[in-house]
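Peer 1: Hey, dropping data-v6.cif in here, mmCIF, C-alpha atoms and all ligand atoms:
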```cif
data_coords
#
loop_
_atom_site.label_atom_id
_atom_site.label_comp_id
_atom_site.auth_asym_id
_atom_site.auth_seq_id
_atom_site.Cartn_x
_atom_site.Cartn_y
_atom_site.Cartn_z
CA MET J 426 103.25 116.19 73.43
CA LEU J 427 101.22 113.00 73.73
CA THR J 428 100.20 110.46 71.12
CA LYS J 429 96.55 110.52 70.11
CA GLU J 430 96.06 107.21 71.93
CA VAL J 431 97.46 108.49 75.24
CA ASN J 432 95.44 111.68 74.88
CA GLU J 433 92.29 109.56 74.59
CA LEU J 434 93.36 107.36 77.48
CA LEU J 435 93.73 110.38 79.79
CA THR J 436 90.62 112.26 78.71
CA GLN J 437 87.84 109.71 78.16
CA VAL J 438 85.31 109.45 80.99
CA GLY J 439 82.81 106.81 79.78
CA ALA J 440 82.09 103.71 81.86
CA SER J 441 83.74 101.39 79.36
CA THR J 442 87.03 103.34 79.16
CA PRO J 443 90.11 103.03 81.42
CA GLY J 444 89.88 106.74 82.31
CA GLY J 445 86.20 106.36 83.16
CA ARG J 446 86.94 103.35 85.35
CA LEU J 447 89.49 105.39 87.33
CA LEU J 448 87.17 108.38 87.69
CA ARG J 449 84.40 106.15 89.05
CA TYR J 450 86.42 105.66 92.25
CA TYR J 451 85.68 109.26 93.33
CA TRP J 452 82.76 111.32 94.59
CA TYR J 453 81.79 114.41 92.57
CA PRO J 454 79.71 117.46 93.49
CA ILE J 455 76.79 117.37 91.07
CA ALA J 456 74.64 120.19 92.41
CA PRO J 457 74.53 122.79 95.17
CA ALA J 458 71.96 121.65 97.75
CA ALA J 459 70.26 125.07 97.44
CA GLU J 460 69.16 124.18 93.89
CA LEU J 461 66.96 121.37 95.24
CA GLU J 462 65.28 123.82 97.61
CA GLU J 463 63.90 125.63 94.59
CA ASN J 464 63.00 122.48 92.64
CA PRO J 465 63.46 119.08 94.30
CA VAL J 466 64.15 117.33 90.97
CA LYS J 467 67.14 118.16 88.78
CA LYS J 468 68.56 116.61 85.65
CA VAL J 469 72.31 116.08 85.91
CA ARG J 470 74.97 114.61 83.68
CA LEU J 471 78.10 113.04 85.14
CA LEU J 472 80.83 110.92 83.53
CA GLY J 473 78.76 110.72 80.36
CA GLU J 474 75.64 109.40 82.14
CA ASP J 475 72.29 111.21 82.08
CA LEU J 476 70.72 111.06 85.53
CA VAL J 477 68.05 112.65 87.68
CA LEU J 478 68.79 113.86 91.17
CA TYR J 479 65.88 114.37 93.57
CA ARG J 480 64.99 114.84 97.21
CA ASP J 481 61.87 112.95 98.24
CA ARG J 482 59.33 114.15 100.84
CA SER J 483 61.17 112.27 103.58
CA GLY J 484 64.23 114.40 102.77
CA ASN J 485 66.22 111.52 101.27
CA LEU J 486 68.32 112.03 98.17
CA GLY J 487 68.02 109.80 95.14
CA LEU J 488 70.04 109.65 91.92
CA ILE J 489 68.55 107.50 89.17
CA ASP J 490 68.71 106.96 85.42
CA GLU J 491 67.04 109.75 83.47
CA PRO J 492 64.69 107.62 81.29
CA CYS J 493 61.86 105.78 83.01
CA PRO J 494 62.31 102.05 82.33
CA HIS J 495 58.61 101.78 81.32
CA ARG J 496 58.42 103.91 78.16
CA ARG J 497 61.44 106.16 78.50
CA VAL J 498 59.85 109.40 79.67
CA SER J 499 62.35 111.65 81.42
CA MET J 500 62.23 111.30 85.19
CA GLU J 501 63.33 114.95 85.25
CA TYR J 502 59.56 115.59 85.27
CA GLY J 503 58.97 113.12 88.09
CA ILE J 504 57.03 113.78 91.29
CA PRO J 505 58.86 113.34 94.60
CA GLU J 506 56.77 111.14 96.92
CA GLN J 507 57.16 110.19 100.56
CA GLU J 508 59.70 107.63 99.43
CA GLY J 509 61.07 107.84 95.91
CA LEU J 510 60.29 109.53 92.62
CA ARG J 511 57.11 108.86 90.61
CA CYS J 512 57.13 108.96 86.80
CA PRO J 513 54.69 111.62 85.50
CA TYR J 514 53.49 109.43 82.58
CA HIS J 515 51.91 106.33 84.18
CA GLY J 516 52.83 106.75 87.82
CA TRP J 517 55.48 104.09 88.27
CA LEU J 518 57.35 104.79 91.49
CA PHE J 519 61.08 104.14 92.04
CA ASN J 520 62.99 104.29 95.30
CA HIS J 521 66.56 105.53 95.81
CA GLU J 522 67.90 102.02 95.26
CA GLY J 523 66.27 101.93 91.84
CA ARG J 524 63.59 99.40 92.79
CA CYS J 525 60.13 99.86 91.26
CA THR J 526 57.73 99.96 94.21
CA GLU J 527 54.44 100.84 92.48
CA GLN J 528 52.83 100.34 89.05
CA PRO J 529 49.35 101.72 89.67
CA ALA J 530 47.93 100.87 86.22
CA GLU J 531 48.92 97.20 86.33
CA PRO J 532 46.40 94.59 87.60
CA TRP J 533 46.14 94.59 91.38
CA ASN J 534 47.76 91.16 91.71
CA SER J 535 50.63 91.71 89.22
CA THR J 536 54.18 91.07 90.44
CA PHE J 537 55.72 92.75 87.39
CA LYS J 538 57.08 95.62 89.49
CA ASP J 539 59.30 93.23 91.40
CA ARG J 540 61.16 92.48 88.17
CA VAL J 541 61.71 96.13 87.11
CA THR J 542 64.61 98.26 88.28
CA THR J 543 66.26 101.44 87.14
CA LYS J 544 69.92 102.43 87.45
CA ALA J 545 70.54 104.10 90.83
CA TYR J 546 73.62 105.67 92.38
CA LYS J 547 74.61 107.05 95.76
CA ALA J 548 74.17 110.75 96.58
CA GLU J 549 75.19 112.51 99.80
CA GLU J 550 75.18 116.09 100.99
CA LEU J 551 78.12 117.84 102.65
CA GLY J 552 78.88 121.52 103.20
CA GLY J 553 76.03 122.70 100.96
CA LEU J 554 76.99 120.48 98.02
CA ILE J 555 75.43 117.23 96.83
CA PHE J 556 77.98 114.63 95.83
CA ALA J 557 77.48 111.52 93.71
CA TYR J 558 79.33 108.24 93.45
CA LEU J 559 79.01 106.18 90.25
CA GLY J 560 81.65 103.54 90.95
CA PRO J 561 81.93 99.97 92.12
CA ASP J 562 80.70 98.77 95.52
CA PRO J 563 81.59 99.13 98.27
CA ALA J 564 81.56 102.91 97.86
CA PRO J 565 84.41 104.75 99.58
CA LEU J 566 83.61 107.47 102.11
CA LEU J 567 82.74 110.93 100.84
CA PRO J 568 85.96 112.80 101.76
CA ARG J 569 85.45 115.43 104.44
CA TYR J 570 87.97 118.01 103.22
CA ASP J 571 88.59 120.83 105.68
CA LEU J 572 86.76 123.64 103.86
CA LEU J 573 83.61 121.52 103.66
CA VAL J 574 83.44 121.11 107.44
CA TRP J 575 85.01 124.21 109.03
CA ASP J 576 82.84 126.11 111.51
CA ASN J 577 82.43 129.89 111.75
CA VAL J 578 82.79 130.58 108.07
CA MET J 579 80.60 131.87 105.26
CA ARG J 580 80.38 129.87 102.06
CA HIS J 581 79.02 130.40 98.59
CA ILE J 582 79.04 128.28 95.46
CA GLY J 583 79.65 129.57 91.92
CA VAL J 584 78.86 127.28 88.99
CA THR J 585 79.82 127.43 85.32
CA MET J 586 79.52 124.86 82.54
CA ILE J 587 82.71 124.84 80.47
CA PRO J 588 82.56 123.30 76.98
CA CYS J 589 85.75 121.27 77.20
CA ASN J 590 87.28 118.15 78.70
CA TRP J 591 88.10 118.23 82.43
CA VAL J 592 91.84 117.48 82.01
CA GLN J 593 92.40 120.88 80.36
CA CYS J 594 91.15 122.54 83.56
CA MET J 595 93.43 120.42 85.73
CA GLU J 596 96.51 121.07 83.61
CA ASN J 597 95.96 124.79 84.17
CA SER J 598 96.39 124.18 87.91
CA MET J 599 99.84 122.73 87.24
CA ASP J 600 100.87 125.78 85.26
CA PRO J 601 102.03 128.57 87.61
CA VAL J 602 103.45 130.89 84.95
CA HIS J 603 100.07 131.46 83.31
CA VAL J 604 99.18 133.66 86.28
CA GLU J 605 101.84 136.13 85.26
CA TRP J 606 100.67 136.19 81.65
CA LEU J 607 96.97 135.37 81.41
CA HIS J 608 96.03 137.15 84.66
CA GLY J 609 98.69 139.87 84.33
CA TYR J 610 99.90 140.95 80.93
CA TYR J 611 96.76 139.83 79.09
CA LEU J 612 94.51 141.30 81.78
CA ASP J 613 96.21 144.69 81.34
CA TYR J 614 95.74 144.42 77.59
CA ILE J 615 92.03 143.56 77.85
CA TRP J 616 91.36 146.25 80.44
CA ALA J 617 93.13 148.85 78.32
CA ARG J 618 91.02 147.81 75.31
CA LYS J 619 87.85 148.11 77.37
CA GLY J 620 88.92 151.51 78.70
CA LEU J 621 89.05 150.22 82.28
CA PRO J 622 91.61 151.45 84.83
CA MET J 623 94.75 149.35 85.35
CA ALA J 624 93.96 146.27 87.48
CA PRO J 625 96.31 145.15 90.24
CA ARG J 626 98.68 142.40 89.08
CA SER J 627 98.16 138.89 90.52
CA ALA J 628 101.83 137.91 90.38
CA GLY J 629 105.22 139.37 89.50
CA ARG J 630 107.63 137.59 87.19
CA HIS J 631 108.30 133.97 88.10
CA LYS J 632 111.88 133.28 89.07
CA LYS J 633 111.36 129.64 89.80
CA ILE J 634 108.60 127.03 89.81
CA GLY J 635 108.56 123.65 91.56
CA PHE J 636 106.32 120.60 91.97
CA ASP J 637 106.06 117.77 94.43
CA ARG J 638 103.87 114.75 94.68
CA PHE J 639 102.29 114.39 98.10
CA GLU J 640 99.67 112.21 99.71
CA HIS J 641 96.66 113.99 98.18
CA GLY J 642 98.09 114.70 94.71
CA ILE J 643 100.58 117.38 93.62
CA VAL J 644 101.72 120.63 95.24
CA LYS J 645 102.91 123.49 93.06
CA ARG J 646 105.29 126.12 94.29
CA ARG J 647 106.58 129.38 92.95
CA VAL J 648 109.10 132.08 93.76
CA VAL J 649 108.22 135.39 92.14
CA GLU J 650 110.37 138.51 91.95
CA GLY J 651 110.75 140.09 95.38
CA HIS J 652 110.19 136.76 97.20
CA THR J 653 112.45 133.94 98.36
CA GLU J 654 111.99 130.26 99.13
CA GLU J 655 110.94 131.31 102.63
CA HIS J 656 107.68 132.67 101.24
CA ASP J 657 104.62 130.44 101.68
CA ALA J 658 104.16 130.36 97.91
CA TRP J 659 107.25 128.11 97.83
CA ARG J 660 107.36 126.66 101.36
CA VAL J 661 103.68 125.56 101.40
CA GLY J 662 102.53 126.07 97.83
CA HIS J 663 99.09 125.15 96.74
CA PRO J 664 97.78 121.75 95.97
CA VAL J 665 95.87 119.81 93.42
CA VAL J 666 93.88 117.14 95.20
CA PHE J 667 93.73 114.17 92.85
CA PRO J 668 92.00 113.83 90.54
CA ASN J 669 90.00 117.01 90.04
CA ILE J 670 90.22 119.63 92.80
CA LEU J 671 92.34 122.75 92.94
CA ARG J 672 92.74 124.29 96.36
CA SER J 673 93.28 128.01 96.06
CA GLY J 674 93.16 130.33 99.04
CA THR J 675 90.23 129.24 101.18
CA GLY J 676 88.45 127.76 98.21
CA PHE J 677 88.12 124.60 96.19
CA GLN J 678 87.71 124.57 92.46
CA TYR J 679 86.01 121.34 91.50
CA ARG J 680 86.35 120.33 87.87
CA VAL J 681 83.54 117.83 87.46
CA PRO J 682 83.77 115.63 84.34
CA VAL J 683 80.28 115.87 82.83
CA ASP J 684 81.30 113.99 79.69
CA ASP J 685 84.31 113.92 77.35
CA THR J 686 83.73 117.50 76.21
CA HIS J 687 82.06 119.29 79.15
CA THR J 688 83.19 120.18 82.64
CA LEU J 689 81.04 121.55 85.43
CA HIS J 690 83.19 124.08 87.25
CA ILE J 691 82.21 124.64 90.85
CA ILE J 692 84.02 127.26 92.86
CA TYR J 693 83.40 126.56 96.53
CA GLN J 694 84.63 129.57 98.42
CA VAL J 695 84.90 129.79 102.18
CA TYR J 696 85.34 133.11 103.97
CA VAL J 697 87.00 133.31 107.34
CA THR J 698 85.88 136.64 108.72
CA GLY J 699 87.23 136.01 112.20
CA LEU J 700 83.76 136.27 113.76
CA PRO J 701 81.79 133.51 115.46
CA ILE J 702 78.91 132.94 113.09
CA PRO J 703 76.13 130.35 113.06
CA PRO J 704 76.09 127.78 110.26
CA GLN J 705 74.32 129.00 107.13
CA THR J 706 70.90 127.40 106.78
CA SER J 707 71.51 127.27 103.05
CA VAL J 708 74.71 127.91 101.10
CA PRO J 709 73.91 130.42 98.35
CA VAL J 710 74.53 129.46 94.76
CA TYR J 711 75.06 131.68 91.75
CA GLU J 712 76.19 131.32 88.17
CA ILE J 713 79.48 132.75 86.96
CA PRO J 714 78.86 133.43 83.27
CA LEU J 715 81.45 132.36 80.75
CA THR J 716 80.11 134.70 78.08
CA ASP J 717 78.15 137.95 77.93
CA ALA J 718 74.79 138.56 76.23
CA GLU J 719 76.53 138.70 72.85
CA GLY J 720 78.26 135.37 73.42
CA LYS J 721 81.69 136.96 73.94
CA TYR J 722 83.96 135.62 76.70
CA MET J 723 83.86 137.80 79.84
CA ASN J 724 87.63 137.85 79.84
CA GLU J 725 87.97 140.92 82.04
CA ILE J 726 87.10 138.68 85.00
CA LEU J 727 90.09 136.89 86.38
CA LEU J 728 88.48 133.49 86.91
CA VAL J 729 86.73 133.60 83.54
CA GLN J 730 90.15 134.10 81.93
CA ASP J 731 90.97 130.56 82.99
CA PHE J 732 87.62 129.29 81.72
CA PHE J 733 88.03 130.76 78.26
CA ALA J 734 91.64 129.58 78.00
CA TRP J 735 90.48 125.98 78.60
CA ALA J 736 87.48 126.28 76.31
CA SER J 737 89.53 127.84 73.51
CA GLN J 738 91.88 124.84 73.52
CA GLY J 739 88.94 122.98 71.94
CA PRO J 740 86.53 120.32 73.26
CA VAL J 741 89.51 117.97 73.77
CA ALA J 742 92.90 119.66 73.28
CA ALA J 743 94.92 118.13 70.43
CA ARG J 744 97.87 117.26 72.63
CA GLU J 745 99.59 115.47 69.75
CA LEU J 746 100.16 118.90 68.22
CA GLU J 747 101.48 120.80 71.22
CA HIS J 748 105.09 121.83 71.95
CA LEU J 749 105.84 121.60 75.66
CA GLY J 750 108.65 123.69 77.12
CA GLN J 751 110.56 123.26 80.36
CA SER J 752 108.06 125.41 82.25
CA ASP J 753 105.41 122.77 81.45
CA VAL J 754 107.03 120.25 83.78
CA GLY J 755 104.04 120.40 86.18
CA ILE J 756 101.66 119.49 83.38
CA THR J 757 103.79 116.47 82.53
CA MET J 758 103.86 115.47 86.20
CA TYR J 759 100.05 115.61 86.40
CA ARG J 760 99.65 113.56 83.21
CA GLU J 761 102.07 110.94 84.56
CA LEU J 762 100.14 110.72 87.82
CA LEU J 763 96.85 110.38 85.97
CA LYS J 764 98.24 107.66 83.66
CA GLU J 765 99.78 105.83 86.58
CA GLN J 766 96.46 105.79 88.47
CA ILE J 767 94.55 104.63 85.37
CA GLU J 768 97.03 101.75 85.06
CA ARG J 769 96.64 100.93 88.72
CA VAL J 770 92.89 100.56 88.38
CA GLU J 771 93.32 98.45 85.25
CA ARG J 772 95.53 96.10 87.32
CA GLY J 773 92.71 95.78 89.85
CA GLU J 774 94.30 98.05 92.48
CA GLU J 775 92.72 101.04 94.19
CA PRO J 776 93.89 104.54 93.18
CA ILE J 777 95.13 107.26 95.59
CA GLU J 778 92.83 109.62 97.51
CA VAL J 779 90.14 107.03 98.21
CA TYR J 780 89.00 107.03 101.86
CA ARG J 781 87.56 104.09 103.73
CA ASP J 782 88.58 104.80 107.33
CA PRO J 783 86.03 106.97 109.20
CA ALA J 784 88.66 108.12 111.75
CA ARG J 785 90.91 109.40 108.96
CA ASN J 786 87.90 111.02 107.31
CA ARG J 787 86.76 113.14 110.26
CA GLN J 788 88.47 116.15 108.72
CA ILE J 789 91.06 115.99 105.95
CA ASP J 790 93.32 119.05 106.15
CA VAL J 791 94.78 120.14 102.86
CA PRO J 792 97.89 122.37 102.95
CA GLN J 793 97.52 125.79 101.37
CA GLU J 794 99.65 128.89 101.38
CA ALA J 795 98.43 132.00 103.20
CA ILE J 796 95.40 130.69 105.03
CA ASP J 797 96.78 131.48 108.46
CA ALA J 798 95.68 135.11 108.35
CA THR J 799 92.18 135.90 109.46
CA TYR J 800 90.72 138.03 106.75
CA THR J 801 90.43 141.60 107.87
CA SER J 802 89.49 144.94 106.48
CA ARG J 803 92.32 144.67 103.99
CA THR J 804 90.71 141.62 102.47
CA ALA J 805 87.33 143.31 102.46
CA MET J 806 88.78 146.42 100.86
CA ALA J 807 90.72 144.42 98.32
CA MET J 808 87.60 142.46 97.48
CA SER J 809 85.41 145.56 97.24
CA GLY J 810 88.09 147.16 95.08
CA ARG J 811 88.26 144.19 92.74
CA ILE J 812 84.49 143.97 92.62
CA SER J 813 84.04 147.62 91.81
CA LEU J 814 86.69 147.28 89.12
CA GLY J 815 84.81 144.26 87.78
CA SER J 816 87.59 141.65 87.93
CA ALA J 817 86.20 139.57 90.80
CA TYR J 818 83.72 136.77 90.20
CA GLU J 819 82.26 137.45 93.68
CA ARG J 820 80.24 140.27 92.19
CA PHE J 821 77.77 137.66 90.94
CA SER J 822 77.13 136.31 94.43
CA PRO J 823 73.96 137.19 96.36
CA MET J 824 75.95 136.80 99.58
CA LEU J 825 78.29 139.69 98.89
CA PRO J 826 76.69 142.57 100.85
CA GLY J 827 76.32 140.45 104.01
CA LEU J 828 79.88 139.23 103.67
CA LEU J 829 81.33 142.73 103.40
CA ASP J 830 79.35 143.71 106.53
CA LEU J 831 80.99 140.86 108.42
CA TYR J 832 84.44 142.01 107.36
CA ARG J 833 83.65 145.55 108.51
CA GLU J 834 82.55 144.22 111.88
CA ALA J 835 85.76 142.13 112.11
CA GLU J 836 87.76 145.25 111.36
CA ARG J 837 85.95 147.16 114.10
CA ARG J 838 86.76 144.40 116.60
CA ILE J 839 90.41 144.27 115.60
CA LEU J 840 90.77 148.04 115.94
CA ALA J 841 89.07 147.87 119.35
CA GLY J 842 91.54 145.20 120.45
CA GLU J 843 88.84 142.53 120.71
CA PRO J 844 89.72 138.94 119.83
CA VAL J 845 88.88 137.42 116.44
CA LEU J 846 88.96 133.77 115.41
CA THR J 847 91.79 132.41 113.28
CA VAL J 848 92.32 129.21 111.34
CA PRO J 849 95.25 126.86 111.93
CA GLU J 850 98.48 127.53 110.08
CA ALA J 851 99.13 125.25 107.11
CA THR J 852 101.77 122.54 107.42
CA PRO J 853 104.32 122.86 104.62
CA VAL J 854 104.72 119.90 102.27
CA PRO J 855 108.40 118.87 102.35
CA ILE J 856 110.44 118.90 99.15
CA GLY J 857 110.34 115.22 98.20
CA ASP J 858 112.39 112.68 96.22
CA HIS J 859 110.40 113.31 93.06
CA HIS J 860 110.70 117.09 93.29
CA LYS J 861 110.92 118.86 89.95
CA GLN J 862 111.83 122.50 89.54
CA VAL J 863 112.62 124.95 86.79
CA VAL J 864 114.67 128.11 87.29
CA ILE J 865 113.35 130.75 84.92
CA LEU J 866 115.28 133.83 86.03
CA PRO J 867 118.76 133.89 87.62
S1 LIG L 901 56.89 106.02 81.04
FE1 LIG L 901 57.22 106.09 83.15
S2 LIG L 901 55.51 105.17 84.01
FE2 LIG L 901 55.20 105.01 81.92
FE FE L 902 94.40 130.97 86.38
#
```
In structure tokens, what does this structure look like?
Ligand code: FES
Ligand SMILES: [Fe+2]
Peer 2:
Amino acid sequence: MLTKEVNELLTQVGASTPGGRLLRYYWYPIAPAAELEENPVKKVRLLGEDLVLYRDRSGNLGLIDEPCPHRRVSMEYGIPEQEGLRCPYHGWLFNHEGRCTEQPAEPWNSTFKDRVTTKAYKAEELGGLIFAYLGPDPAPLLPRYDLLVWDNVMRHIGVTMIPCNWVQCMENSMDPVHVEWLHGYYLDYIWARKGLPMAPRSAGRHKKIGFDRFEHGIVKRRVVEGHTEEHDAWRVGHPVVFPNILRSGTGFQYRVPVDDTHTLHIIYQVYVTGLPIPPQTSVPVYEIPLTDAEGKYMNEILLVQDFFAWASQGPVAARELEHLGQSDVGITMYRELLKEQIERVERGEEPIEVYRDPARNRQIDVPQEAIDATYTSRTAMAMSGRISLGSAYERFSPMLPGLLDLYREAERRILAGEPVLTVPEATPVPIGDHHKQVVILP
């Protein structure tokens, strides 16, 4: 349980709030690059600010305030020029630094444009995503996390807008036991109600859960029935990269704080098929729907089960009313880390996970259980099985048929004794001084 004041401290994202000041130290994915191929101008909202992202005809990205400073028309309807974005109303032109470079209806010798600017932020592209930075100068480097820069992989990007505060999504990542219940017992219940066949369980009963702070954030570990501490799920675990990324399998789940009561969820999934493949010219994007045509949660889909759990906690969960048990120790650890980093920024210090050294940023490897195996036919079969049953979000992806073909080809090569590519084995995060664990079953 938190007081109302601490709940606000942890969840507010506006520029004038302590939480918002912390969050402005990080880069956020605001759009898949593929979306700008279709329409080079896109309205976005990030950390409570309404902005317009565009790619001009020179290929440069710009991210500026949504209203035009002249008479407040939305730059969402702007025209990308050779350099900058032109307002549709009276043709004022703004460059990516927010400077007004043309006012075609003003007298030819006017210098008014030199005194007009609009708010402008940095935007950069990496791995098929466009990231934005809204914080103080100098901007840190855009972190080059491993999955964003690996070669010989296929990627796709699934987006969903969730009507709740971003911290609810992050707390879920510090909550291993929900897998057993939400994605197990509840899944069975929902599938039975919908007359679907029994889905395979994601996890057995949890015997023990554990958490460690590490350089990028927090690692969570679990031992489920039938496993020991030698299993990767305990030895390596899977990490939350502070402040807002869950690493799961070969995927990132970005929880992008849109405002106090909305989170843009981006699942960035990377598939290692074991085959040498050329880089994708464009990383496909698709929407994972939260609700069906009748507005009901699509809670037969495993990932959407998480989404609806967060959304149903309310726009901002009333943490002053909750009753935390011992198995919520990971949630408490995340809240403490978040509070600590907010306080750091308020003291004028820099928070964790901010990169300024290009050598360190060449590729940032994040530990993750079970990424050492090259995906083979078993993965493909498991995925096809889950897709045909309807529990996998991948079924919404346009990339799916091509991906399954690659897995089949990988299988053929493995059976023929031909080599396939693998990814490096994850380095386990050691059990640290601040380790916390809870034994659930003897
Ligand atoms: S409102 Fe934008 S140029 Fe006039
Ligand atoms: Fe989950």
Peer 1: Find the residue from J:Glu640, J:Glu508, J:Glu550, J:Glu596 that sits nearest to Val779 in chain J; use only C-alpha atoms when measuring.
Peer 2: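 Distance minimum relative to Val779 in chain J lands on J:Glu640.
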Peer 1: When distances are computed from all atoms listed in the file, which of J:Lys861, J:His603, J:Arg496, J:Lys538 shows the smallest separation from ligand LIG 901 (chain L)?
Peer 2: J:Arg496
Peer 1: Point out the residue among J:Gln593, J:Gln788, J:Thr653, J:Ser707 with the least atom-to-atom distance to ligand FE 902 (chain L), counting all atoms listed in the file.
Peer 2: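 Going through J:Gln593, J:Gln788, J:Thr653, J:Ser707 one by one, the smallest distance to ligand FE 902 (chain L) is for J:Gln593.
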Peer 1: If we count only C-alpha atoms and set the cut-off at 10 Å, which residues sit around Gln751 in chain J, ignoring sequence neighbours fewer than 4 positions away in its own chain? Please answer as an mmCIF file with C-alpha atoms, in the coordinates of the input.
Peer 2:
```
data_model
loop_
_atom_site.group_PDB
_atom_site.id
_atom_site.type_symbol
_atom_site.label_atom_id
_atom_site.label_comp_id
_atom_site.auth_asym_id
_atom_site.auth_seq_id
_atom_site.Cartn_x
_atom_site.Cartn_y
_atom_site.Cartn_z
ATOM 1 C CA GLY J 755 104.040 120.400 86.180
ATOM 2 C CA THR J 757 103.790 116.470 82.530
ATOM 3 C CA GLN J 862 111.830 122.500 89.540
ATOM 4 C CA VAL J 863 112.620 124.950 86.790
ATOM 5 C CA VAL J 864 114.670 128.110 87.290
ATOM 6 C CA ILE J 865 113.350 130.750 84.920
#
```
Peer 1: Please compute the CA of Arg646 in chain J-CA of Val602 in chain J distance, one decimal, in Å.
Peer 2: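 CA of Val602 in chain J lies at a distance of 10.6 Å from CA of Arg646 in chain J.
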Peer 1: With distances taken over only C-alpha atoms, which residue among J:Ala718, J:Arg787, J:His631, J:Gly642 lies nearest Pro867 in chain J?
Peer 2: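 Smallest distance to Pro867 in chain J is found for J:His631.
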Peer 1: Name the residues, by chain letter and number, that sit within 9 Å of ligand FE 902 (chain L) using only C-alpha atoms and all ligand atoms, and give them as a PyMOL selection string.
Peer 2: chain J and resi 597-598+600-601+603-604+607-608+727-732+734
Peer 1: Grab the CA of Leu448 in chain J to CA of Glu522 in chain J distance for me, in Å with one decimal place.
Peer 2: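 Value for the CA of Leu448 in chain J-CA of Glu522 in chain J distance: 21.7 Å.
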Peer 1: Could you list, with a cut-off of 12 Å and counting only C-alpha atoms and all ligand atoms, the residues of chain J near ligand LIG 901 (chain L), each shown with its nearest atom pair and the distance in Å rounded to one decimal, rows sorted by chain and ascending number, as JSON lines?
Peer 2:
```
{"residue": "J:Asp490", "atom": "CA", "partner": "L:LIG901", "partner_atom": "FE1", "distance": 11.7}
{"residue": "J:Glu491", "atom": "CA", "partner": "L:LIG901", "partner_atom": "FE1", "distance": 10.5}
{"residue": "J:Pro492", "atom": "CA", "partner": "L:LIG901", "partner_atom": "FE1", "distance": 7.8}
{"residue": "J:Cys493", "atom": "CA", "partner": "L:LIG901", "partner_atom": "FE1", "distance": 4.7}
{"residue": "J:Pro494", "atom": "CA", "partner": "L:LIG901", "partner_atom": "FE1", "distance": 6.5}
{"residue": "J:His495", "atom": "CA", "partner": "L:LIG901", "partner_atom": "S1", "distance": 4.6}
{"residue": "J:Arg496", "atom": "CA", "partner": "L:LIG901", "partner_atom": "S1", "distance": 3.9}
{"residue": "J:Arg497", "atom": "CA", "partner": "L:LIG901", "partner_atom": "S1", "distance": 5.2}
{"residue": "J:Val498", "atom": "CA", "partner": "L:LIG901", "partner_atom": "S1", "distance": 4.7}
{"residue": "J:Ser499", "atom": "CA", "partner": "L:LIG901", "partner_atom": "FE1", "distance": 7.8}
{"residue": "J:Met500", "atom": "CA", "partner": "L:LIG901", "partner_atom": "FE1", "distance": 7.5}
{"residue": "J:Glu501", "atom": "CA", "partner": "L:LIG901", "partner_atom": "FE1", "distance": 11.0}
{"residue": "J:Tyr502", "atom": "CA", "partner": "L:LIG901", "partner_atom": "FE1", "distance": 10.0}
{"residue": "J:Gly503", "atom": "CA", "partner": "L:LIG901", "partner_atom": "FE1", "distance": 8.8}
{"residue": "J:Ile504", "atom": "CA", "partner": "L:LIG901", "partner_atom": "FE1", "distance": 11.2}
{"residue": "J:Leu510", "atom": "CA", "partner": "L:LIG901", "partner_atom": "FE1", "distance": 10.5}
{"residue": "J:Arg511", "atom": "CA", "partner": "L:LIG901", "partner_atom": "S2", "distance": 7.7}
{"residue": "J:Cys512", "atom": "CA", "partner": "L:LIG901", "partner_atom": "FE1", "distance": 4.6}
{"residue": "J:Pro513", "atom": "CA", "partner": "L:LIG901", "partner_atom": "FE1", "distance": 6.5}
{"residue": "J:Tyr514", "atom": "CA", "partner": "L:LIG901", "partner_atom": "FE2", "distance": 4.8}
{"residue": "J:His515", "atom": "CA", "partner": "L:LIG901", "partner_atom": "S2", "distance": 3.8}
{"residue": "J:Gly516", "atom": "CA", "partner": "L:LIG901", "partner_atom": "S2", "distance": 4.9}
{"residue": "J:Trp517", "atom": "CA", "partner": "L:LIG901", "partner_atom": "S2", "distance": 4.4}
{"residue": "J:Leu518", "atom": "CA", "partner": "L:LIG901", "partner_atom": "S2", "distance": 7.7}
{"residue": "J:Phe519", "atom": "CA", "partner": "L:LIG901", "partner_atom": "S2", "distance": 9.8}
{"residue": "J:Cys525", "atom": "CA", "partner": "L:LIG901", "partner_atom": "S2", "distance": 10.1}
{"residue": "J:Thr526", "atom": "CA", "partner": "L:LIG901", "partner_atom": "S2", "distance": 11.7}
{"residue": "J:Glu527", "atom": "CA", "partner": "L:LIG901", "partner_atom": "S2", "distance": 9.6}
{"residue": "J:Gln528", "atom": "CA", "partner": "L:LIG901", "partner_atom": "S2", "distance": 7.5}
{"residue": "J:Pro529", "atom": "CA", "partner": "L:LIG901", "partner_atom": "S2", "distance": 9.0}
{"residue": "J:Ala530", "atom": "CA", "partner": "L:LIG901", "partner_atom": "S2", "distance": 9.0}
{"residue": "J:Glu531", "atom": "CA", "partner": "L:LIG901", "partner_atom": "S2", "distance": 10.6}
{"residue": "J:Lys538", "atom": "CA", "partner": "L:LIG901", "partner_atom": "S2", "distance": 11.1}
{"residue": "J:Val541", "atom": "CA", "partner": "L:LIG901", "partner_atom": "S2", "distance": 11.4}
{"residue": "J:Thr542", "atom": "CA", "partner": "L:LIG901", "partner_atom": "FE1", "distance": 11.9}
{"residue": "J:Thr543", "atom": "CA", "partner": "L:LIG901", "partner_atom": "FE1", "distance": 10.9}
```
